[in-house]
$ cat my_file_22.cif   # mmCIF, C-alpha atoms
data_model
#
loop_
_atom_site.group_PDB
_atom_site.id
_atom_site.type_symbol
_atom_site.label_atom_id
_atom_site.label_comp_id
_atom_site.auth_asym_id
_atom_site.auth_seq_id
_atom_site.Cartn_x
_atom_site.Cartn_y
_atom_site.Cartn_z
ATOM 1 C CA MET H 1021 106.028 124.773 119.188
ATOM 2 C CA SER H 1022 105.191 121.101 118.705
ATOM 3 C CA LEU H 1023 103.376 118.997 121.278
ATOM 4 C CA THR H 1024 106.224 116.479 121.202
ATOM 5 C CA PHE H 1025 108.630 119.258 122.166
ATOM 6 C CA LEU H 1026 106.341 120.286 125.057
ATOM 7 C CA ALA H 1027 106.199 116.647 126.182
ATOM 8 C CA ASP H 1028 110.001 116.538 126.147
ATOM 9 C CA VAL H 1029 110.140 119.758 128.211
ATOM 10 C CA VAL H 1030 107.808 118.217 130.804
ATOM 11 C CA LEU H 1031 109.930 115.043 130.828
ATOM 12 C CA VAL H 1032 113.121 117.062 131.439
ATOM 13 C CA MET H 1033 111.377 118.947 134.282
ATOM 14 C CA HIS H 1034 110.249 115.608 135.724
ATOM 15 C CA PHE H 1035 113.811 114.307 135.547
ATOM 16 C CA ALA H 1036 115.038 117.459 137.322
ATOM 17 C CA VAL H 1037 112.568 116.801 140.157
ATOM 18 C CA VAL H 1038 113.857 113.228 140.431
ATOM 19 C CA LEU H 1039 117.452 114.485 140.580
ATOM 20 C CA PHE H 1040 116.497 117.044 143.244
ATOM 21 C CA VAL H 1041 114.761 114.479 145.446
ATOM 22 C CA VAL H 1042 117.289 111.678 145.049
ATOM 23 C CA GLY H 1043 120.394 113.881 144.954
ATOM 24 C CA GLY H 1044 119.155 116.076 147.778
ATOM 25 C CA LEU H 1045 119.400 113.306 150.347
ATOM 26 C CA PRO H 1046 123.141 112.585 150.038
ATOM 27 C CA ALA H 1047 123.759 116.328 149.585
ATOM 28 C CA ILE H 1048 122.516 116.953 153.136
ATOM 29 C CA PRO H 1049 125.179 115.102 155.172
ATOM 30 C CA LEU H 1050 127.835 115.941 152.587
ATOM 31 C CA GLY H 1051 126.855 119.604 152.652
ATOM 32 C CA VAL H 1052 126.861 119.721 156.436
ATOM 33 C CA LYS H 1053 130.338 118.177 156.476
ATOM 34 C CA LEU H 1054 131.610 120.604 153.820
ATOM 35 C CA GLY H 1055 129.855 123.637 155.269
ATOM 36 C CA TRP H 1056 127.465 124.287 152.363
ATOM 37 C CA LEU H 1057 124.993 126.767 153.825
ATOM 38 C CA TRP H 1058 122.311 126.240 151.157
ATOM 39 C CA VAL H 1059 121.964 122.573 152.201
ATOM 40 C CA GLN H 1060 121.389 123.607 155.796
ATOM 41 C CA GLY H 1061 118.772 126.234 154.986
ATOM 42 C CA ARG H 1062 115.103 125.752 155.815
ATOM 43 C CA LEU H 1063 113.929 126.524 152.270
ATOM 44 C CA PHE H 1064 115.950 123.711 150.721
ATOM 45 C CA ARG H 1065 115.119 121.270 153.505
ATOM 46 C CA LEU H 1066 111.364 122.035 153.541
ATOM 47 C CA THR H 1067 111.173 121.839 149.749
ATOM 48 C CA HIS H 1068 113.043 118.523 149.762
ATOM 49 C CA LEU H 1069 110.923 117.053 152.551
ATOM 50 C CA GLY H 1070 107.712 118.320 150.926
ATOM 51 C CA ALA H 1071 108.636 116.834 147.550
ATOM 52 C CA ILE H 1072 109.232 113.329 148.895
ATOM 53 C CA ALA H 1073 106.104 113.596 151.070
ATOM 54 C CA VAL H 1074 103.944 114.399 148.017
ATOM 55 C CA ILE H 1075 105.574 111.635 145.950
ATOM 56 C CA THR H 1076 105.064 109.085 148.721
ATOM 57 C CA LEU H 1077 101.439 110.115 149.284
ATOM 58 C CA GLN H 1078 100.680 109.881 145.556
ATOM 59 C CA ALA H 1079 102.164 106.394 145.417
ATOM 60 C CA TRP H 1080 100.166 105.159 148.418
ATOM 61 C CA LEU H 1081 96.975 106.653 146.948
ATOM 62 C CA GLY H 1082 97.686 104.934 143.643
ATOM 63 C CA GLN H 1083 97.912 108.212 141.740
ATOM 64 C CA HIS H 1084 100.244 108.986 138.888
ATOM 65 C CA CYS H 1085 102.487 112.011 139.054
ATOM 66 C CA PRO H 1086 100.879 115.102 137.461
ATOM 67 C CA LEU H 1087 104.019 115.547 135.345
ATOM 68 C CA THR H 1088 103.634 112.016 133.976
ATOM 69 C CA ILE H 1089 99.974 112.701 133.197
ATOM 70 C CA LEU H 1090 100.798 115.982 131.437
ATOM 71 C CA GLU H 1091 103.622 114.457 129.417
ATOM 72 C CA THR H 1092 101.416 111.547 128.339
ATOM 73 C CA TRP H 1093 98.625 113.919 127.334
ATOM 74 C CA PHE H 1094 101.013 115.937 125.144
ATOM 75 C CA ARG H 1095 102.305 112.760 123.513
ATOM 76 C CA VAL H 1096 98.815 111.408 122.813
ATOM 77 C CA GLN H 1097 97.749 114.772 121.386
ATOM 78 C CA ALA H 1098 100.857 114.687 119.159
ATOM 79 C CA GLY H 1099 99.736 111.297 117.824
ATOM 80 C CA GLU H 1100 102.558 109.246 119.284
ATOM 81 C CA GLN H 1101 101.541 105.597 119.431
ATOM 82 C CA SER H 1102 104.696 103.516 119.315
ATOM 83 C CA LEU H 1103 107.899 103.381 121.322
ATOM 84 C CA TYR H 1104 109.772 103.744 118.057
ATOM 85 C CA GLN H 1105 108.235 107.135 117.342
ATOM 86 C CA VAL H 1106 109.654 108.823 120.427
ATOM 87 C CA SER H 1107 112.347 111.464 120.486
ATOM 88 C CA PHE H 1108 115.885 110.860 121.651
ATOM 89 C CA VAL H 1109 115.277 112.873 124.841
ATOM 90 C CA GLN H 1110 112.119 110.942 125.655
ATOM 91 C CA TYR H 1111 113.679 107.541 125.022
ATOM 92 C CA TRP H 1112 116.719 108.029 127.247
ATOM 93 C CA LEU H 1113 115.082 109.896 130.108
ATOM 94 C CA GLU H 1114 112.231 107.383 130.275
ATOM 95 C CA THR H 1115 114.711 104.494 130.121
ATOM 96 C CA ILE H 1116 116.548 105.957 133.123
ATOM 97 C CA MET H 1117 113.478 107.076 135.113
ATOM 98 C CA TYR H 1118 110.757 104.467 134.637
ATOM 99 C CA TYR H 1119 110.854 100.915 135.885
ATOM 100 C CA GLN H 1120 108.216 98.220 135.485
ATOM 101 C CA ALA H 1121 107.013 97.069 138.904
ATOM 102 C CA PRO H 1122 103.757 96.899 140.856
ATOM 103 C CA LEU H 1123 102.690 100.196 142.424
ATOM 104 C CA TRP H 1124 103.161 98.819 145.959
ATOM 105 C CA VAL H 1125 106.892 98.409 145.233
ATOM 106 C CA PHE H 1126 107.205 102.112 144.397
ATOM 107 C CA ALA H 1127 105.105 103.096 147.419
ATOM 108 C CA THR H 1128 107.379 101.056 149.693
ATOM 109 C CA VAL H 1129 110.585 102.448 148.182
ATOM 110 C CA TYR H 1130 109.260 106.023 148.362
ATOM 111 C CA THR H 1131 108.233 105.487 151.982
ATOM 112 C CA LEU H 1132 111.670 104.166 152.948
ATOM 113 C CA PHE H 1133 113.330 107.035 151.086
ATOM 114 C CA GLY H 1134 111.003 109.496 152.833
ATOM 115 C CA LEU H 1135 111.979 108.027 156.193
ATOM 116 C CA LEU H 1136 115.640 108.574 155.293
ATOM 117 C CA VAL H 1137 114.838 112.218 154.500
ATOM 118 C CA VAL H 1138 113.135 112.577 157.901
ATOM 119 C CA LEU H 1139 116.144 110.895 159.544
ATOM 120 C CA ALA H 1140 118.456 113.360 157.770
ATOM 121 C CA TRP H 1141 116.254 116.216 159.042
ATOM 122 C CA TRP H 1142 116.624 114.901 162.594
ATOM 123 C CA ARG H 1143 120.341 114.033 162.316
ATOM 124 C CA PHE H 1144 121.294 117.219 160.429
ATOM 125 C CA PRO H 1145 118.649 119.800 161.402
ATOM 126 C CA PRO H 1146 118.304 122.845 159.169
ATOM 127 C CA LYS H 1147 119.646 126.111 160.448
ATOM 128 C CA ALA H 1148 117.997 129.494 160.269
ATOM 129 C CA MET H 1149 119.924 131.474 157.705
ATOM 130 C CA GLU H 1150 121.067 134.919 158.812
ATOM 131 C CA SER H 1151 120.564 137.672 156.280
ATOM 132 C CA LYS H 1152 123.690 139.674 155.629
ATOM 133 C CA ALA H 1153 123.461 143.367 154.912
ATOM 134 C CA LEU H 1154 125.292 144.522 151.799
#
$ encode --input "my_file_22.cif" --output "structure tokens"
Amino acid sequence: MSLTFLADVVLVMHFAVVLFVVGGLPAIPLGVKLGWLWVQGRLFRLTHLGAIAVITLQAWLGQHCPLTILETWFRVQAGEQSLYQVSFVQYWLETIMYYQAPLWVFATVYTLFGLLVVLAWWRFPPKAMESKAL
């Protein structure tokens, strides 16, 4: 298995986390309205809240995401030096996910997004899920 392939796997996982965090917020009120039980469950809600809390804390502390660090390490170990040597997967996912801005901009956006997640928690509180016997 090549290091470039492992870097692409990490990048896809990173993108999945982004989709979970960003997509999870609108899924909450929509899911409550449509009666989706999984959106109202404590596991989903705690995982979602925890994810944005960690992301926001990392941004305010000026730390890079561990997935970004791991992906970069794999790419450096694979000898990738130029943007033109990247894979198709890497090029498009990084184009979609990464923006050039000062770190304080990301910290502010993450904080505001985190506050929306907390507001969704308050407005649409999770429900304890009842286990059903088979």
$ closest_residue --input "my_file_22.cif" --among "H:Trp1112, H:Trp1080, H:Trp1142, H:Phe1133" --to "H:Gly1043" --atoms "all atoms listed in the file"
H:Phe1133
$ atom_distance --input "my_file_22.cif" --atom1 "atom CA of H:Pro1145" --atom2 "atom CA of H:Ile1048"
9.6 Å
$ resolve_selection --input "my_file_22.cif" --expression "the PyMOL selection byres ((chain H and resi 1088-1093) around 9)" --output "list in words"
Thr1024, Leu1026, Ala1027, Asp1028, Val1029, Val1030, Leu1031, His1034, His1084, Cys1085, Pro1086, Leu1087, Phe1094, Arg1095, Val1096, Gln1097 and Ala1098 of chain H
$ residues_around --input "my_file_22.cif" --residues "H:Lys1147" --least-positions-apart "6" --cutoff "7 Å" --atoms "all atoms listed in the file" --output "VMD selection string"
chain H and resid 1060 to 1062
$ closest_residue --input "my_file_22.cif" --among "H:Gly1082, H:Gly1134, H:Gly1099, H:Gly1044" --to "H:Arg1065" --atoms "all atoms listed in the file"
H:Gly1044
$ resolve_selection --input "my_file_22.cif" --expression "the PyMOL selection byres ((chain H and resi 1072) around 9)" --output "PyMOL selection string"
chain H and resi 1041+1067-1071+1073-1077+1130-1131+1133-1134+1137
$ decode --input "my_file_22.cif" --residues "stretch 1021-1036 of chain H" --atoms "N, CA, C and O atoms" --output "CSV table (one decimal), in the first residue's frame"
chain,number,residue,atom,x,y,z
H,1021,MET,N,0.8,-1.2,0.0
H,1021,MET,CA,0.0,0.0,0.0
H,1021,MET,C,0.9,1.2,0.0
H,1021,MET,O,1.8,1.4,0.8
H,1022,SER,N,0.7,2.1,-0.9
H,1022,SER,CA,1.5,3.3,-1.0
H,1022,SER,C,1.2,4.4,0.0
H,1022,SER,O,0.0,4.4,0.5
H,1023,LEU,N,2.1,5.2,0.3
H,1023,LEU,CA,1.9,6.3,1.3
H,1023,LEU,C,0.9,7.3,0.7
H,1023,LEU,O,0.2,7.9,1.5
H,1024,THR,N,1.0,7.5,-0.6
H,1024,THR,CA,0.0,8.5,-1.2
H,1024,THR,C,-1.4,7.9,-1.0
H,1024,THR,O,-2.3,8.7,-0.8
H,1025,PHE,N,-1.6,6.6,-1.2
H,1025,PHE,CA,-2.9,6.0,-1.0
H,1025,PHE,C,-3.4,6.2,0.4
H,1025,PHE,O,-4.5,6.6,0.7
H,1026,LEU,N,-2.5,6.0,1.4
H,1026,LEU,CA,-2.8,6.2,2.8
H,1026,LEU,C,-3.2,7.7,3.1
H,1026,LEU,O,-4.1,8.0,3.8
H,1027,ALA,N,-2.4,8.6,2.5
H,1027,ALA,CA,-2.8,10.0,2.6
H,1027,ALA,C,-4.1,10.3,2.0
H,1027,ALA,O,-4.9,11.1,2.6
H,1028,ASP,N,-4.5,9.7,0.9
H,1028,ASP,CA,-5.8,9.9,0.3
H,1028,ASP,C,-6.9,9.3,1.3
H,1028,ASP,O,-8.0,9.9,1.4
H,1029,VAL,N,-6.6,8.2,1.9
H,1029,VAL,CA,-7.6,7.6,2.8
H,1029,VAL,C,-7.8,8.6,4.0
H,1029,VAL,O,-9.0,8.8,4.4
H,1030,VAL,N,-6.8,9.1,4.5
H,1030,VAL,CA,-6.9,10.1,5.6
H,1030,VAL,C,-7.7,11.3,5.2
H,1030,VAL,O,-8.6,11.8,5.9
H,1031,LEU,N,-7.4,11.8,4.0
H,1031,LEU,CA,-8.1,12.9,3.4
H,1031,LEU,C,-9.6,12.6,3.3
H,1031,LEU,O,-10.5,13.5,3.6
H,1032,VAL,N,-10.0,11.5,2.8
H,1032,VAL,CA,-11.4,11.1,2.7
H,1032,VAL,C,-12.1,11.0,4.1
H,1032,VAL,O,-13.2,11.5,4.3
H,1033,MET,N,-11.3,10.4,5.1
H,1033,MET,CA,-11.9,10.4,6.4
H,1033,MET,C,-12.1,11.8,7.0
H,1033,MET,O,-13.1,12.1,7.6
H,1034,HIS,N,-11.1,12.7,6.7
H,1034,HIS,CA,-11.2,14.1,7.1
H,1034,HIS,C,-12.5,14.7,6.5
H,1034,HIS,O,-13.2,15.4,7.1
H,1035,PHE,N,-12.7,14.5,5.2
H,1035,PHE,CA,-13.8,15.0,4.5
H,1035,PHE,C,-15.1,14.5,5.1
H,1035,PHE,O,-16.1,15.2,5.2
H,1036,ALA,N,-15.1,13.2,5.5
H,1036,ALA,CA,-16.3,12.6,6.1
H,1036,ALA,C,-16.6,13.3,7.5
H,1036,ALA,O,-17.8,13.6,7.8
